[in-house]
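Student: This structure is in structure tokens; I'll ask about it shortly.
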Amino acid sequence: MRAWYKNIDWVTLLLWAALVGIGLVAIYSATHGPAREFLLDSVQRNFNRQAQWFGISMVAMTIVLLFPARFILRLAPLGYVVSLGLLGAALVFGREVNGAKSWLYIGPVGLQVAEVAKVGTVLAATAFLSRTEVRSATFGWNATWIRSFVSLCLMIGVPAVMVVAQNDTGTGLVFMALIPVMLFWSGLVPLPWMALGGAAAVAVYLVIVNPLYAAIFVVVAAFGMVVWTRSRGMGLLMLVAVGGIAVASWVGLNKVLQPHQVARLVAFDDPEAFRATAGFHVIQSKAAIGSGGLFGKGFTNGTQTQLAYIPENSTDFVYTIIGEEFGFVGAVLVLILFAALLIRLAGLGVQAGFALPRLFIAGVTGIFLVHILINVGMTIGVMPVIGIPLPFISYGGSALLANSAMLAIALNLHARRDEFAVYSGR
Amino acid sequence: MTSQDDARRRFRIFTVLVLGLFTLLTTRLVQMQLLDADQYRSEAQGNAIEEKVVRPARGYVFDRNGILLVDNETTLSVTVAPRYFDEADLPLVAELAGRPLEAVQARYDDITERSRYQEDVLFENVPFWTFARLQENQYRLRGIGFREDQQRRYHTDSRLTHALGYVNEIDGDELTEMEAQGYRLGDRIGKTGIEAEYEPVLRGRVGREFVLVNVHGMEVQPYEGGANDVEPQSGMALNLAVDSKVQALAESLFVNKRGGAVMLDVNTGGIISMVSAPDFDLDIYRDGITTAENNFLNNNPERPLFNRSTQSSTLPPGSTWKPFMASYALEEGMIDEHTQLYCPGGYRLGRFFKCHGGTHGNISVRDAIRVSCNTFFFRLMNDTFVNEQHPEGIRMDLDRWSAWSNRFGFGQLAPLDIPNQNAGLIPDSAYFDRAFPAGWGPGFTVNLGIGQGNMGASPLQLARATAAIANGGTLVTPHLVMAQTDPATGVTREPVRPRARRIPMEPRNLAVVREGMVEAVEGRGTARRARIEAVDGFPKIPVAGKTGTAQNPRGKDHSVFIAYAPADNPEVAVGVFVENIGYGGTAAAPIASLMIEQYFRGRTFRPDLVRFVVAQRSVGRI
């Protein structure tokens, strides 16, 4: 049995450091390049503060890694309650930033409570799902399974609703995305049913892009389901349920939602039509990334970035800077680092050999994945503009700290995997 | 399936999912950054790079002695970039500028109609306080900017109103026509005179600057360090043939008079002076002409915008015609220098045309010019010129007369480097057929012999034809601009002009006419008032000239005079026309004489004569 600290996965830490480093470079360009003179002083300080948060995160990760895994798990219920408390406090006492009442100030230090709540929620959901009675629940119409399923949905859904109530819809969506992620890794729902849900999401996306694609997709997916499960019933279900969802979303999009809401949703697909309003960010962001070409325009040389055509370019649109100034090479490098981090992390979870570390890491990678897909997707015009940051790269102290802490907990659980043997089943 | 195997399976699915989704994102990046990069690049450049037109300094104008006539002064213009400007701010802008909102709105609509992306001039040439007030508020007026412009500044006492012409804001039609040459709304452009004719030369080459513009429309820095910029090239300096001192004197002599004068270099055709009275000060366009001023210029009955030196085409030249008439007759061989025609004190053709100065008896052509004998020239026109044997004789002779007049440049537009010129009137038989459908005869044409009746000539034409007599038969090409000089290199070159025309005449015949004209001034002739005697170490300047009185049935006669000097070696020729002031010797001859004296001596020594001319008036007020 090796000492726990020899089990710490340095590859993950290196990937983490590389991503935060790239983030600092991009934030430096956004705040200390020629664009500086158009920025508020508070925005110009983003680079220095992010560097400070980098240090704070390192300290926090060290502390997290020093605690025994058991201690962290004991904290799970408390962490969850504290998370809900913070979310509630933000709703009451919070300060409004960019229209979202999601900041809680303790003296001069602002805390984006939703980021903290993410950690607590993942931890609590993990602890819940790793309980023996939940893990032994068989899929179907029985009390145990229904209780387990509903409990999980509530555990995640309650903080998600509170975040949405803060008017931070994007982060709320990330919470909601945690439900299918946890269901997938816990095995509570069999894979064909997961596939059904995934197909529904893709179908809704395709309805926005082109309803014809959605129709073709539903038919193909139903056929694939029949081939995979050898069950005509599942195929029919795919056709009816997913097709129904697609039709419902089309009706919702065209008949129910207000035009300005639709505009925001579909602007990514046809930004020119919304040039003056919702499409502006997308057009400018795409122009920036596209004009970066293979090698980019060079550090602090991006015209779109430095001439302030990219809004929020040290936070939500930070990927635009990388795409413009470091080109295809830089943009793809970031994607490779992210893919490596996600796969490495998930692999660590599986390697740990126990449900709890695996489920926690699954939750963490799920959150990261959703952030990356939505954030990168919106800068290149394949996802709606939803204001959520790119993990480790976007400016934001709370998010960096929370994401780093989650990473540290994951590494901790992996490093101390042998301690689980004494009290937890595989 | 054990739980661990199940987890491994899910891990594989997760890995495939992540790689698949990231591949989709990468595919999108390939499409954007590698395949469509050019398109996005041009979009990003269109965003950030603004092309600015840099106006060069308009060319200066100098007189023949290198005296600066016109240069530029800097003015401030307020510009607006519609794509950044919020139209709701227009009332505030109008208020700060102290201008009526309707006018500002109209101007703004003009600008946006042309282009929403082009920055254009909202107010040109604003007073400093307007600039200051707008600049103070610039922070809340997005899209409002400032630009330095230029306007003309005039330096000497000579106005040269019609020769120089004026520069004013480009109008809609001109803009549509010239937008391709880089003209923009609010630019100034030469409208008349050499400012118009030499517009491309004076304007220089427009420069281009590429600047990076941020999302707020603020300029940040030169694009690529200015590597793509095109330097503006200053306009060419123009060196006029004009002597600004002669011009100033002539203009002052024309005070309270209506008329025109042109002085030419008989050898080159350079216009030493060009006067049209009443004229106006070009400074009226400085800081923008007001509507009231513009209305005044356009509606004043004295027509100050009308260039009488080149455009007055209906005034007959009177007796100044006689040297030309004599030239035709001599060259046609109808008379020679010894031929004597009898003057009984008048000429009878239906009625009696009286000859002034009494009975001249037998008189030769030289003396006929000297004493301005009407009978002699009536007879040239009707007794000798007409081929009475031929039934169509009168028609043939009138056409021959007309052809000779054209050879001397009458009845034709001269090649000239300013616009606005009239051809004048030299009738031929076809003209008379139109004018008198009931028929016409010798009684209709006889007046043409003494420069009266249905004919007209401008001072420019008179000066040019006089120059031809003086220089031995070369019809010069009149021009204001002698040369254009590149201010950067100092290289001077002469503009390309039509070549001078040769009048087919025997030199001896012209010499006879010249002798007559010299006698008219220096002998016992009608133009003695034009003499310039020796004074204070300046030798006498022999002058040759001819007076004329254009009869005016509706008022006082017009005073006309042609001259060249020095008579023995001609350098300059003058044609002067003063309307409604009386006999040719009274106003026109002294004006011509003083102009010649000023040209050769650099000053005049005859204050009494100046006073005498200035005191005469033919215009109520202007």
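In the structure tokens, each chain is lettered A, B, ... as it comes, each chain's residues begin at 1, and ligands are numbered from 1 in order of appearance.
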Quick one: contact table of chain A to chain B, 7 Å max, nearest atom pair and distance in Å to one decimal per residue, counting only C-alpha atoms, chain and number order, as JSON lines?
Tutor:
{"residue": "A:Trp185", "atom": "CA", "partner": "B:Arg10", "partner_atom": "CA", "distance": 6.8}
{"residue": "A:Ala287", "atom": "CA", "partner": "B:Tyr40", "partner_atom": "CA", "distance": 4.8}
{"residue": "A:Ala288", "atom": "CA", "partner": "B:Ala44", "partner_atom": "CA", "distance": 6.5}
{"residue": "A:Ile289", "atom": "CA", "partner": "B:Gln33", "partner_atom": "CA", "distance": 6.6}
{"residue": "A:Gly290", "atom": "CA", "partner": "B:Gln33", "partner_atom": "CA", "distance": 4.4}
{"residue": "A:Ser291", "atom": "CA", "partner": "B:Arg41", "partner_atom": "CA", "distance": 4.1}
{"residue": "A:Gly292", "atom": "CA", "partner": "B:Gln33", "partner_atom": "CA", "distance": 6.2}
{"residue": "A:Gly293", "atom": "CA", "partner": "B:Gln33", "partner_atom": "CA", "distance": 4.4}
{"residue": "A:Leu294", "atom": "CA", "partner": "B:Leu34", "partner_atom": "CA", "distance": 6.1}
{"residue": "A:Thr303", "atom": "CA", "partner": "B:Ala48", "partner_atom": "CA", "distance": 6.6}
{"residue": "A:Gln304", "atom": "CA", "partner": "B:Ala44", "partner_atom": "CA", "distance": 6.5}
{"residue": "A:Leu307", "atom": "CA", "partner": "B:Asn214", "partner_atom": "CA", "distance": 4.3}
{"residue": "A:Ala308", "atom": "CA", "partner": "B:Val215", "partner_atom": "CA", "distance": 5.7}
{"residue": "A:Tyr309", "atom": "CA", "partner": "B:Val215", "partner_atom": "CA", "distance": 5.2}
{"residue": "A:Phe328", "atom": "CA", "partner": "B:Gln33", "partner_atom": "CA", "distance": 6.0}
{"residue": "A:Val332", "atom": "CA", "partner": "B:Thr26", "partner_atom": "CA", "distance": 6.6}
{"residue": "A:Leu335", "atom": "CA", "partner": "B:Phe22", "partner_atom": "CA", "distance": 6.8}
{"residue": "A:Ala339", "atom": "CA", "partner": "B:Val18", "partner_atom": "CA", "distance": 6.7}
{"residue": "A:Ile343", "atom": "CA", "partner": "B:Thr15", "partner_atom": "CA", "distance": 6.0}
{"residue": "A:Ala346", "atom": "CA", "partner": "B:Phe11", "partner_atom": "CA", "distance": 6.7}
{"residue": "A:Gly347", "atom": "CA", "partner": "B:Phe11", "partner_atom": "CA", "distance": 6.9}
{"residue": "A:Val350", "atom": "CA", "partner": "B:Ala7", "partner_atom": "CA", "distance": 6.2}
{"residue": "A:Gly353", "atom": "CA", "partner": "B:Gln4", "partner_atom": "CA", "distance": 6.6}
Student: Restricting it to C-alpha atoms, dump the selection as a tab-separated table (two decimals), in the first residue's frame.
Tutor:
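Result file selection-v2.tsv:
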chain	number	residue	atom	x	y	z
A	185	TRP	CA	-22.55	7.22	-14.05
A	287	ALA	CA	-15.13	37.32	-36.83
A	288	ALA	CA	-12.42	37.33	-34.18
A	289	ILE	CA	-11.88	33.59	-34.08
A	290	GLY	CA	-12.26	33.11	-37.84
A	291	SER	CA	-9.85	35.92	-38.61
A	292	GLY	CA	-7.27	34.31	-36.34
A	293	GLY	CA	-6.44	31.83	-39.06
A	294	LEU	CA	-3.92	29.08	-38.45
A	303	THR	CA	-7.94	43.71	-33.64
A	304	GLN	CA	-11.29	42.44	-32.48
A	307	LEU	CA	-10.46	47.34	-30.19
A	308	ALA	CA	-13.14	46.23	-27.77
A	309	TYR	CA	-15.38	44.54	-30.31
A	328	PHE	CA	-6.37	27.47	-34.80
A	332	VAL	CA	-7.29	23.43	-30.62
A	335	LEU	CA	-9.58	21.80	-26.60
A	339	ALA	CA	-10.32	16.66	-23.47
A	343	ILE	CA	-10.77	11.80	-19.90
A	346	ALA	CA	-12.94	10.11	-15.57
A	347	GLY	CA	-10.25	7.47	-15.85
A	350	VAL	CA	-12.91	4.42	-12.67
A	353	GLY	CA	-12.53	1.33	-8.00
Student: Excluding Ala160 (chain A) and any residue of its chain fewer than 3 positions from it, enumerate the residues within 6 Å of it, using only C-alpha atoms, and give them as a ChimeraX atom specification.
Tutor: /A:157,163,172,175
Student: Write out, as a PDB file, in the first residue's frame, the residues just selected, with N, CA and C atoms.
Tutor:
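Okay, this is what ended up in part11.pdb:
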ATOM      1  N   GLY A 157     -32.176  19.668  -8.279  1.00  0.00           N
ATOM      2  CA  GLY A 157     -33.165  20.619  -8.800  1.00  0.00           C
ATOM      3  C   GLY A 157     -33.375  21.817  -7.889  1.00  0.00           C
ATOM      4  N   VAL A 163     -30.743  29.042  -8.228  1.00  0.00           N
ATOM      5  CA  VAL A 163     -29.816  29.790  -9.097  1.00  0.00           C
ATOM      6  C   VAL A 163     -30.591  30.502 -10.206  1.00  0.00           C
ATOM      7  N   GLY A 172     -27.810  27.845 -13.808  1.00  0.00           N
ATOM      8  CA  GLY A 172     -28.919  26.954 -13.492  1.00  0.00           C
ATOM      9  C   GLY A 172     -28.965  25.767 -14.450  1.00  0.00           C
ATOM     10  N   PHE A 175     -26.441  23.189 -13.507  1.00  0.00           N
ATOM     11  CA  PHE A 175     -26.939  22.349 -12.407  1.00  0.00           C
ATOM     12  C   PHE A 175     -27.848  21.259 -12.951  1.00  0.00           C
TER      13      PHE A 175
END
Student: CA of Val275 (chain B) and CA of Glu251 (chain B), how far apart in Å?
Tutor: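 Interatomic distance here is 6.2 Å.
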Student: Please determine, counting only C-alpha atoms, which residue among A:Tyr395, A:Trp250, A:Phe47, A:Tyr80 has the shortest atom-to-atom distance to Gly33 (chain A).
Tutor: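 So, comparing all the options, the nearest one is A:Phe47.
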Student: Between CA of Thr315 (chain A) and CA of Ser394 (chain A), what distance in Å does the model show, to one decimal?
Tutor: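 Taking CA of Thr315 (chain A) as the start and CA of Ser394 (chain A) as the end point, the length is 4.6 Å.
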Student: Have a look at B:Gly259, B:Asp283, B:Thr320, B:His356 and name the one nearest to Ile581 (chain B); count only C-alpha atoms.
Tutor: B:Gly259
Student: Quick one: everything within 10 Å of Phe54 (chain A), counting only C-alpha atoms, minus sequence neighbours fewer than 5 positions away in the same chain. Send it as a list in words.
Tutor: Ala17, Val20, Gly21, Leu24, Asn48, Arg49, Val59, Ala60, Phe392, Gly397, Leu400, Leu401 and Ser404 of chain A
Student: I need the strand (DSSP E) residues of region 396-554 of chain B per DSSP on the backbone, written as a ChimeraX atom specification.
Tutor: /B:474-475,481-485,492-493,501-502,544-550
Student: Could you please take those selected residues and save C-alpha atoms as a PDB file, in the first residue's frame?
Tutor:
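The resulting file, out-v9.pdb, is shown below:
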ATOM      1  CA  THR B 474      -0.424  86.037 -84.592  1.00  0.00           C
ATOM      2  CA  LEU B 475      -3.700  85.340 -82.834  1.00  0.00           C
ATOM      3  CA  VAL B 481      -2.080  80.482 -65.873  1.00  0.00           C
ATOM      4  CA  MET B 482       1.463  80.785 -67.123  1.00  0.00           C
ATOM      5  CA  ALA B 483       2.851  77.786 -65.287  1.00  0.00           C
ATOM      6  CA  GLN B 484       2.135  75.337 -62.539  1.00  0.00           C
ATOM      7  CA  THR B 485       4.741  74.552 -59.917  1.00  0.00           C
ATOM      8  CA  THR B 492       7.583  74.121 -62.988  1.00  0.00           C
ATOM      9  CA  ARG B 493       5.832  73.300 -66.180  1.00  0.00           C
ATOM     10  CA  ARG B 501      -3.202  80.936 -84.730  1.00  0.00           C
ATOM     11  CA  ARG B 502      -1.657  82.705 -87.696  1.00  0.00           C
ATOM     12  CA  ALA B 544      -0.845 102.951 -80.291  1.00  0.00           C
ATOM     13  CA  GLY B 545      -4.595 102.947 -79.834  1.00  0.00           C
ATOM     14  CA  LYS B 546      -8.022 103.531 -81.141  1.00  0.00           C
ATOM     15  CA  THR B 547     -11.023 105.012 -79.435  1.00  0.00           C
ATOM     16  CA  GLY B 548     -14.535 103.813 -79.909  1.00  0.00           C
ATOM     17  CA  THR B 549     -17.993 104.955 -78.971  1.00  0.00           C
ATOM     18  CA  ALA B 550     -20.643 102.314 -79.072  1.00  0.00           C
TER      19      ALA B 550
END
Student: Could you name the residues that touch Ile194 (chain B) at 6 Å or less, counting only C-alpha atoms, but leaving out those on the same chain fewer than 3 positions away, as a VMD selection string?
Tutor: chain B and resid 164 197 to 198 418
Student: Just the residues within 8 Å of Ala57 (chain B), please, counting only C-alpha atoms, with nothing from its chain fewer than 6 positions along; format it as a PDB file with C-alpha atoms, in the first residue's frame.
Tutor:
ATOM      1  CA  ASN B  72      -5.199  78.715 -47.393  1.00  0.00           C
ATOM      2  CA  GLN B 150      -8.992  74.762 -45.318  1.00  0.00           C
ATOM      3  CA  ARG B 203      -6.535  70.065 -55.297  1.00  0.00           C
ATOM      4  CA  GLY B 204      -3.510  67.824 -55.423  1.00  0.00           C
ATOM      5  CA  GLN B 233       0.188  65.479 -52.333  1.00  0.00           C
ATOM      6  CA  SER B 234      -0.251  69.213 -52.132  1.00  0.00           C
ATOM      7  CA  GLY B 235      -1.923  70.941 -55.021  1.00  0.00           C
TER       8      GLY B 235
END
Student: Extract, using only C-alpha atoms, all DNA, RNA and protein residues at most 6 Å from Leu111 (chain A), discarding same-chain residues fewer than 3 positions from it, and format them as a PyMOL selection string.
Tutor: chain A and resi 103-104+398
Student: What residues in region 268-393 of chain A get the DSSP label alpha helix (DSSP H)? Please answer as a ChimeraX atom specification.
Tutor: /A:279-292,303-306,318-352,355-379
Student: Skipping near chain neighbours, those fewer than 4 positions away, what residues fall within 9 Å of region 316-320 of chain A using only C-alpha atoms, listed as a PyMOL selection string?
Tutor: chain A and resi 23+26-27+30+285-286+288-289+305+310-312+324-325+331+334+375-376+378-380+386-390+393-395
Student: Please, what distance in Å, to one decimal, runs between CA of Val104 (chain B) and CA of Ala292 (chain B)?
Tutor: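 Calculated distance between CA of Val104 (chain B) and CA of Ala292 (chain B) is 19.0 Å.
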